[in-house]
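Coordinates as given in entry.cif (mmCIF, C-alpha atoms):
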data_protein
#
loop_
_atom_site.label_atom_id
_atom_site.label_comp_id
_atom_site.auth_asym_id
_atom_site.auth_seq_id
_atom_site.Cartn_x
_atom_site.Cartn_y
_atom_site.Cartn_z
CA MET H 1 -34.17 22.18 -7.61
CA ALA H 2 -31.90 19.82 -5.68
CA ASP H 3 -30.01 22.83 -4.35
CA ALA H 4 -33.23 24.34 -3.02
CA VAL H 5 -34.01 21.10 -1.17
CA ALA H 6 -30.50 20.88 0.25
CA LEU H 7 -30.74 24.36 1.70
CA SER H 8 -33.62 23.31 3.90
CA VAL H 9 -31.93 20.10 5.02
CA ASP H 10 -29.67 19.83 8.06
CA CYS H 11 -26.73 18.13 6.37
CA ALA H 12 -24.84 17.71 9.63
CA HIS H 13 -27.65 15.79 11.31
CA LYS H 14 -26.87 12.10 11.68
CA ASN H 15 -30.40 11.00 10.80
CA ASN H 16 -30.65 13.31 7.81
CA PRO H 17 -32.70 11.45 5.17
CA TYR H 18 -31.35 13.69 2.40
CA ALA H 19 -27.72 12.61 2.81
CA THR H 20 -27.35 11.93 -0.92
CA VAL H 21 -28.62 15.43 -1.68
CA CYS H 22 -26.06 16.88 0.69
CA TYR H 23 -23.33 14.78 -0.86
CA HIS H 24 -24.42 15.91 -4.30
CA VAL H 25 -24.42 19.57 -3.34
CA LYS H 26 -21.08 19.27 -1.61
CA ASP H 27 -19.64 17.45 -4.62
CA THR H 28 -20.61 20.10 -7.15
CA ARG H 29 -19.19 23.03 -5.28
CA PRO H 30 -16.45 24.66 -7.38
CA VAL H 31 -12.99 23.19 -6.80
CA ASN H 32 -10.60 26.11 -6.58
CA LEU H 33 -7.46 24.20 -7.55
CA ASP H 34 -7.81 21.97 -10.59
CA LEU H 35 -4.22 20.85 -11.12
CA THR H 36 -4.86 19.79 -14.73
CA THR H 37 -5.69 23.36 -15.76
CA VAL H 38 -2.96 25.09 -13.76
CA LYS H 39 0.19 26.20 -15.57
CA PHE H 40 3.13 25.25 -13.38
CA PRO H 41 5.78 27.94 -12.96
CA LEU H 42 9.39 26.80 -12.58
CA PRO H 43 9.45 27.02 -8.74
CA ALA H 44 6.40 24.70 -8.68
CA ILE H 45 8.24 22.19 -10.87
CA THR H 46 11.35 22.21 -8.65
CA SER H 47 9.05 21.78 -5.65
CA ILE H 48 7.23 18.74 -7.02
CA LEU H 49 10.56 17.23 -8.17
CA HIS H 50 11.80 17.69 -4.59
CA ARG H 51 8.85 15.59 -3.40
CA ILE H 52 9.16 12.95 -6.11
CA SER H 53 12.90 12.57 -5.48
CA GLY H 54 12.18 12.30 -1.74
CA VAL H 55 9.67 9.49 -2.16
CA ALA H 56 11.97 7.70 -4.64
CA LEU H 57 14.89 8.02 -2.22
CA PHE H 58 12.79 6.46 0.54
CA PHE H 59 12.99 3.25 -1.48
CA GLY H 60 16.51 3.93 -2.80
CA ILE H 61 17.79 3.82 0.81
CA GLY H 62 17.09 0.08 0.78
CA VAL H 63 19.38 -0.40 -2.22
CA VAL H 64 22.08 1.76 -0.64
CA LEU H 65 21.93 -0.11 2.69
CA TYR H 66 22.12 -3.44 0.85
CA LEU H 67 25.21 -2.39 -1.14
CA LEU H 68 26.80 -0.84 1.98
CA GLN H 69 26.25 -3.96 4.06
CA LEU H 70 27.65 -6.21 1.34
CA SER H 71 30.69 -3.98 0.79
CA LEU H 72 31.58 -3.88 4.51
CA GLU H 73 30.84 -7.55 5.22
CA SER H 74 33.98 -9.11 3.78
CA GLU H 75 36.60 -8.81 1.06
CA ALA H 76 34.44 -11.08 -1.13
CA GLY H 77 31.40 -8.90 -0.47
CA PHE H 78 33.34 -5.81 -1.49
CA GLU H 79 34.40 -7.55 -4.71
CA ARG H 80 30.79 -8.55 -5.30
CA VAL H 81 29.70 -4.90 -5.03
CA THR H 82 32.36 -3.71 -7.52
CA GLU H 83 31.25 -6.54 -9.80
CA LEU H 84 27.58 -5.51 -9.43
CA LEU H 85 28.50 -1.91 -10.18
CA ARG H 86 29.90 -3.01 -13.55
CA ALA H 87 26.45 -4.16 -14.72
CA THR H 88 24.56 -1.50 -16.70
CA PRO H 89 21.17 -1.83 -14.92
CA VAL H 90 22.87 -1.50 -11.52
CA LYS H 91 24.89 1.48 -12.76
CA LEU H 92 21.70 3.11 -13.99
CA MET H 93 19.91 2.47 -10.69
CA VAL H 94 22.80 3.77 -8.57
CA TRP H 95 23.08 6.80 -10.85
CA LEU H 96 19.35 7.53 -10.45
CA ILE H 97 19.67 7.26 -6.67
CA LEU H 98 22.75 9.49 -6.59
CA ALA H 99 21.31 12.08 -8.97
CA GLY H 100 18.03 12.02 -7.02
CA LEU H 101 19.90 12.43 -3.73
CA LEU H 102 21.91 15.38 -5.06
CA TYR H 103 18.77 16.99 -6.49
CA HIS H 104 16.99 16.53 -3.15
CA LEU H 105 20.05 17.98 -1.36
CA ILE H 106 20.31 21.05 -3.62
CA ALA H 107 16.56 21.73 -3.60
CA GLY H 108 16.65 21.21 0.18
CA ILE H 109 19.39 23.82 0.60
CA LYS H 110 17.27 26.23 -1.47
CA HIS H 111 14.36 25.41 0.83
CA LEU H 112 16.44 26.20 3.94
CA LEU H 113 17.63 29.47 2.38
CA MET H 114 14.01 30.40 1.70
CA ASP H 115 13.19 29.55 5.33
CA TRP H 116 15.72 32.26 6.19
CA GLY H 117 13.79 34.62 3.95
CA LEU H 118 16.20 34.54 1.00
CA GLY H 119 14.74 34.53 -2.51
CA GLU H 120 11.11 34.80 -1.49
CA SER H 121 10.17 37.44 -4.05
CA ARG H 122 8.63 36.42 -7.37
CA GLU H 123 11.92 37.02 -9.20
CA GLY H 124 13.98 35.51 -6.39
CA ALA H 125 11.91 32.32 -6.41
CA LEU H 126 12.34 31.98 -10.19
CA ARG H 127 16.09 32.61 -9.94
CA GLY H 128 16.37 30.08 -7.08
CA ALA H 129 14.53 27.46 -9.12
CA GLN H 130 16.77 28.11 -12.14
CA VAL H 131 19.96 27.81 -10.06
CA THR H 132 18.62 24.63 -8.41
CA LEU H 133 17.94 23.00 -11.77
CA ILE H 134 21.31 24.00 -13.24
CA LEU H 135 23.27 22.80 -10.20
CA ALA H 136 21.28 19.56 -10.10
CA LEU H 137 21.97 18.99 -13.80
CA VAL H 138 25.70 19.52 -13.22
CA ALA H 139 25.56 17.15 -10.23
CA ALA H 140 23.73 14.53 -12.32
CA VAL H 141 26.37 14.76 -15.09
CA LEU H 142 29.22 14.56 -12.55
CA SER H 143 27.71 11.53 -10.85
CA TRP H 144 27.24 9.91 -14.27
CA GLY H 145 30.98 10.42 -14.83
CA MET H 146 31.76 9.04 -11.37
CA ILE H 147 29.77 5.83 -11.95
CA TRP H 148 30.79 5.18 -15.58
CA MET W 1 -3.68 24.70 16.62
CA VAL W 2 -4.32 21.57 14.62
CA THR W 3 -2.93 18.44 16.17
CA ASN W 4 -2.81 15.16 14.32
CA ALA W 5 -2.36 11.76 15.91
CA THR W 6 -0.20 10.47 13.06
CA SER W 7 2.21 13.38 12.69
CA PHE W 8 5.66 12.71 14.12
CA SER W 9 5.31 14.84 17.22
CA ARG W 10 1.59 15.76 17.05
CA SER W 11 2.67 19.32 16.37
CA GLY W 12 3.39 20.92 13.02
CA LEU W 13 6.07 23.18 14.49
CA SER W 14 8.05 20.30 16.00
CA ASP W 15 7.75 18.36 12.74
CA TRP W 16 9.00 21.41 10.88
CA ILE W 17 12.05 21.70 13.16
CA ILE W 18 12.78 17.95 13.03
CA GLN W 19 12.70 18.05 9.23
CA ARG W 20 15.14 21.00 9.00
CA PHE W 21 17.47 19.78 11.72
CA SER W 22 17.68 16.27 10.26
CA ALA W 23 18.16 17.77 6.77
CA VAL W 24 21.32 19.58 7.91
CA ILE W 25 22.74 16.39 9.47
CA LEU W 26 21.93 14.37 6.35
CA ALA W 27 23.45 17.01 4.07
CA ALA W 28 26.67 16.94 6.11
CA TYR W 29 26.77 13.12 6.07
CA THR W 30 26.13 12.98 2.31
CA LEU W 31 28.97 15.43 1.63
CA PHE W 32 31.22 13.46 4.01
CA ILE W 33 30.60 10.16 2.18
CA LEU W 34 31.05 11.84 -1.22
CA ALA W 35 34.34 13.34 0.02
CA VAL W 36 35.54 9.90 1.15
CA LEU W 37 34.62 8.42 -2.25
CA GLY W 38 36.15 11.38 -4.09
CA ALA W 39 39.39 11.36 -2.08
CA THR W 40 40.14 7.73 -2.88
CA PRO W 41 39.35 6.90 -6.53
CA GLU W 42 40.92 3.43 -6.26
CA LEU W 43 39.07 2.38 -3.13
CA ASP W 44 39.86 -1.07 -1.74
CA TYR W 45 38.17 -3.13 0.95
CA GLU W 46 40.68 -2.43 3.71
CA SER W 47 40.52 1.36 3.46
CA TRP W 48 36.71 1.32 2.95
CA ARG W 49 36.28 -0.77 6.08
CA ALA W 50 38.79 1.35 7.99
CA VAL W 51 36.63 4.44 7.36
CA PHE W 52 33.52 2.84 8.86
CA SER W 53 35.27 1.21 11.81
CA GLN W 54 36.41 4.57 13.24
CA ASN W 55 34.34 5.45 16.29
CA SER W 56 33.74 9.02 15.08
CA VAL W 57 32.38 7.76 11.73
CA ARG W 58 30.27 5.16 13.54
CA LEU W 59 28.74 7.86 15.70
CA PHE W 60 28.17 10.14 12.69
CA SER W 61 26.55 7.25 10.79
CA ILE W 62 24.21 6.30 13.63
CA ILE W 63 23.18 9.93 14.23
CA SER W 64 22.54 10.31 10.49
CA LEU W 65 20.52 7.10 10.52
CA PHE W 66 18.23 8.50 13.22
CA ALA W 67 18.05 11.80 11.31
CA LEU W 68 17.10 9.80 8.21
CA CYS W 69 14.27 8.06 10.04
CA GLY W 70 12.83 11.33 11.39
CA HIS W 71 13.28 13.05 8.03
CA THR W 72 11.63 10.31 5.98
CA TRP W 73 8.74 10.03 8.43
CA VAL W 74 7.94 13.76 8.30
CA GLY W 75 8.40 13.82 4.51
CA MET W 76 6.30 10.74 3.78
CA TRP W 77 3.64 11.92 6.25
CA THR W 78 3.47 15.28 4.46
CA VAL W 79 3.13 13.62 1.06
CA GLY W 80 0.52 11.17 2.36
CA THR W 81 -1.65 13.79 4.04
CA ASP W 82 -1.51 15.91 0.87
CA TYR W 83 -2.42 13.27 -1.71
CA LEU W 84 -3.98 10.31 0.09
CA THR W 85 -7.04 12.01 1.52
CA GLY W 86 -10.81 11.79 1.24
CA ARG W 87 -10.68 14.69 -1.18
CA GLN W 88 -8.68 12.64 -3.72
CA LEU W 89 -9.75 9.11 -2.85
CA GLY W 90 -13.29 9.49 -1.53
CA GLY W 91 -14.61 7.78 1.60
CA LYS W 92 -11.79 5.27 1.85
CA GLY W 93 -9.13 8.03 1.86
CA THR W 94 -8.34 7.92 5.57
CA PHE W 95 -8.19 4.12 5.58
CA ILE W 96 -5.83 4.04 2.58
CA ARG W 97 -3.64 6.69 4.20
CA LEU W 98 -3.40 4.70 7.42
CA ILE W 99 -2.32 1.62 5.44
CA TYR W 100 0.26 3.79 3.66
CA GLN W 101 1.49 5.24 6.96
CA SER W 102 1.76 1.78 8.52
CA PHE W 103 3.87 0.69 5.56
CA CYS W 104 6.11 3.76 5.99
CA VAL W 105 6.60 3.10 9.71
CA LEU W 106 7.44 -0.53 9.01
CA LEU W 107 10.01 0.30 6.33
CA ILE W 108 11.58 3.02 8.51
CA ALA W 109 11.84 0.52 11.39
CA VAL W 110 13.53 -1.97 9.06
CA TYR W 111 15.99 0.70 7.86
CA LEU W 112 16.76 1.73 11.44
CA LEU W 113 17.47 -1.79 12.74
CA TRP W 114 19.29 -2.80 9.55
CA GLY W 115 21.39 0.38 9.61
CA ILE W 116 22.35 -0.06 13.26
CA GLN W 117 23.40 -3.62 12.44
CA ILE W 118 25.58 -2.39 9.55
CA PHE W 119 27.22 0.55 11.32
CA TRP W 120 27.61 -1.06 14.73
CA GLY W 121 28.73 -4.39 13.35
CA SER W 122 31.54 -3.08 11.17
#
Please lay out the structure from this file as structure tokens.
Amino acid sequence: MADAVALSVDCAHKNNPYATVCYHVKDTRPVNLDLTTVKFPLPAITSILHRISGVALFFGIGVVLYLLQLSLESEAGFERVTELLRATPVKLMVWLILAGLLYHLIAGIKHLLMDWGLGESREGALRGAQVTLILALVAAVLSWGMIW
Amino acid sequence: MVTNATSFSRSGLSDWIIQRFSAVILAAYTLFILAVLGATPELDYESWRAVFSQNSVRLFSIISLFALCGHTWVGMWTVGTDYLTGRQLGGKGTFIRLIYQSFCVLLIAVYLLWGIQIFWGS
């Protein structure tokens, strides 16, 4: 019934007295991308990880700049940084930043290769995502070894 | 063509190019820093400082810093306009996104000035 009313109402008109009806009709239109029901293929997972790592790095830069400034300031500052890097929470944080950076870098290179038209097929995209995840895992393990 | 007042260059194509171009610079800088760290396992203050006081490294660092600012702006803008919209947040979506974008600009400005201070000062 509400739908029938809405059809005869000019929803775009600024003095439309049936605004709530319009809103209701608009609201119940089918949403064609319900993320909670979508099964994410591997390339979608590497893509969202690329975004998450990017946003995390935006804040990680602050930590990196702080450590860099301290380490370049003076001999004592440099010692303070090496001392900080011996603490487990700091190690963990720096490792997360480094692993995130390397993931973002590797996924970014894949992105640039796909801009060139490489690996754009269904199989190619899956293979690219697999290689990205494996390389990022290796990079994360190596950076763990570098920090510990 | 869709133009948007809050995108970096008001054009999607320019933003696209800025993001790729800055990505290449940042990738090169990341690999450079990792190479420096990898080449000297027992790094001390004098050699660490010597690296960053070379004019070529200073220039590379400052260029990378600008690349970082452009890259983060385009990236954070993309994320914001995808998730912080009226579709997800209702009527206040645009307002919330503008607050978010203001925060991003502020933090990027802090990083830029702070970074220049670090790289120019040492």
* To do: Would you kindly translate the PyMOL selection byres ((chain H) within 7 of (chain W)) into the concrete residues it picks from this file, as a VMD selection string?
  => chain H and resid 55 58 65 69 72 75 78 105
* Å distance separating CA of Leu92 (chain H) from CA of Ala129 (chain H), one decimal place ->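 Rounded to one decimal, the two atoms are 25.8 Å apart.
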* What separation in Å, quoted to one decimal, exists between CA of Leu98 (chain W) and CA of Phe8 (chain W)? -> 13.8 Å
* **Pick from H:Ala56, H:Val90, H:Leu126, H:Leu135, whichever lies nearest to Phe40 (chain H) using all atoms listed in the file** =>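 Looking only at the distances to Phe40 (chain H), the closest residue turns out to be H:Leu126.
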* Coordinates-based distance that separates CA of Ile62 (chain W) from CA of Ile18 (chain W) (Å, one decimal) -> 16.3 Å
* Using all atoms listed in the file, which of H:Val63, H:Leu137, H:Ala125, H:Ile45 sits nearest Val94 (chain H)? ->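 Nearest candidate to Val94 (chain H) out of H:Val63, H:Leu137, H:Ala125, H:Ile45: H:Val63.
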* Asked: Quick one: residues within 10 Å of Met114 (chain H), all atoms listed in the file counted, chain neighbours fewer than 6 positions away excluded, as an MDAnalysis selection string?
  -> chainID H and resid 108 120:121 124:125 128
* To do: Please provide the set of residues having any atom within 10 Å of Gly77 (chain H), restricted to only C-alpha atoms, with same-chain residues fewer than 6 positions apart removed, written as a ChimeraX atom specification.
  => /H:67-71,83 /W:45
* **Proximity to Ser14 (chain W) - best of W:Arg97, W:Leu106, W:Gly70, W:Leu89, all atoms listed in the file** =>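 Once distances to Ser14 (chain W) are computed over all atoms listed in the file, the minimum belongs to W:Gly70.
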* Nearest to Arg51 (chain H), chosen from H:Leu85, H:Leu101, H:Ala139, H:Tyr66, with all atoms listed in the file counted in the distances ->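 Comparing H:Leu85, H:Leu101, H:Ala139, H:Tyr66 against Arg51 (chain H), the winner is H:Leu101.
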* List as a VMD selection string: which residues have an atom within 12 Å of (1.0, 20.2, -10.0), counting all atoms listed in the file? -> (chain H and resid 33 to 49 51 to 52) or (chain W and resid 82 to 83)
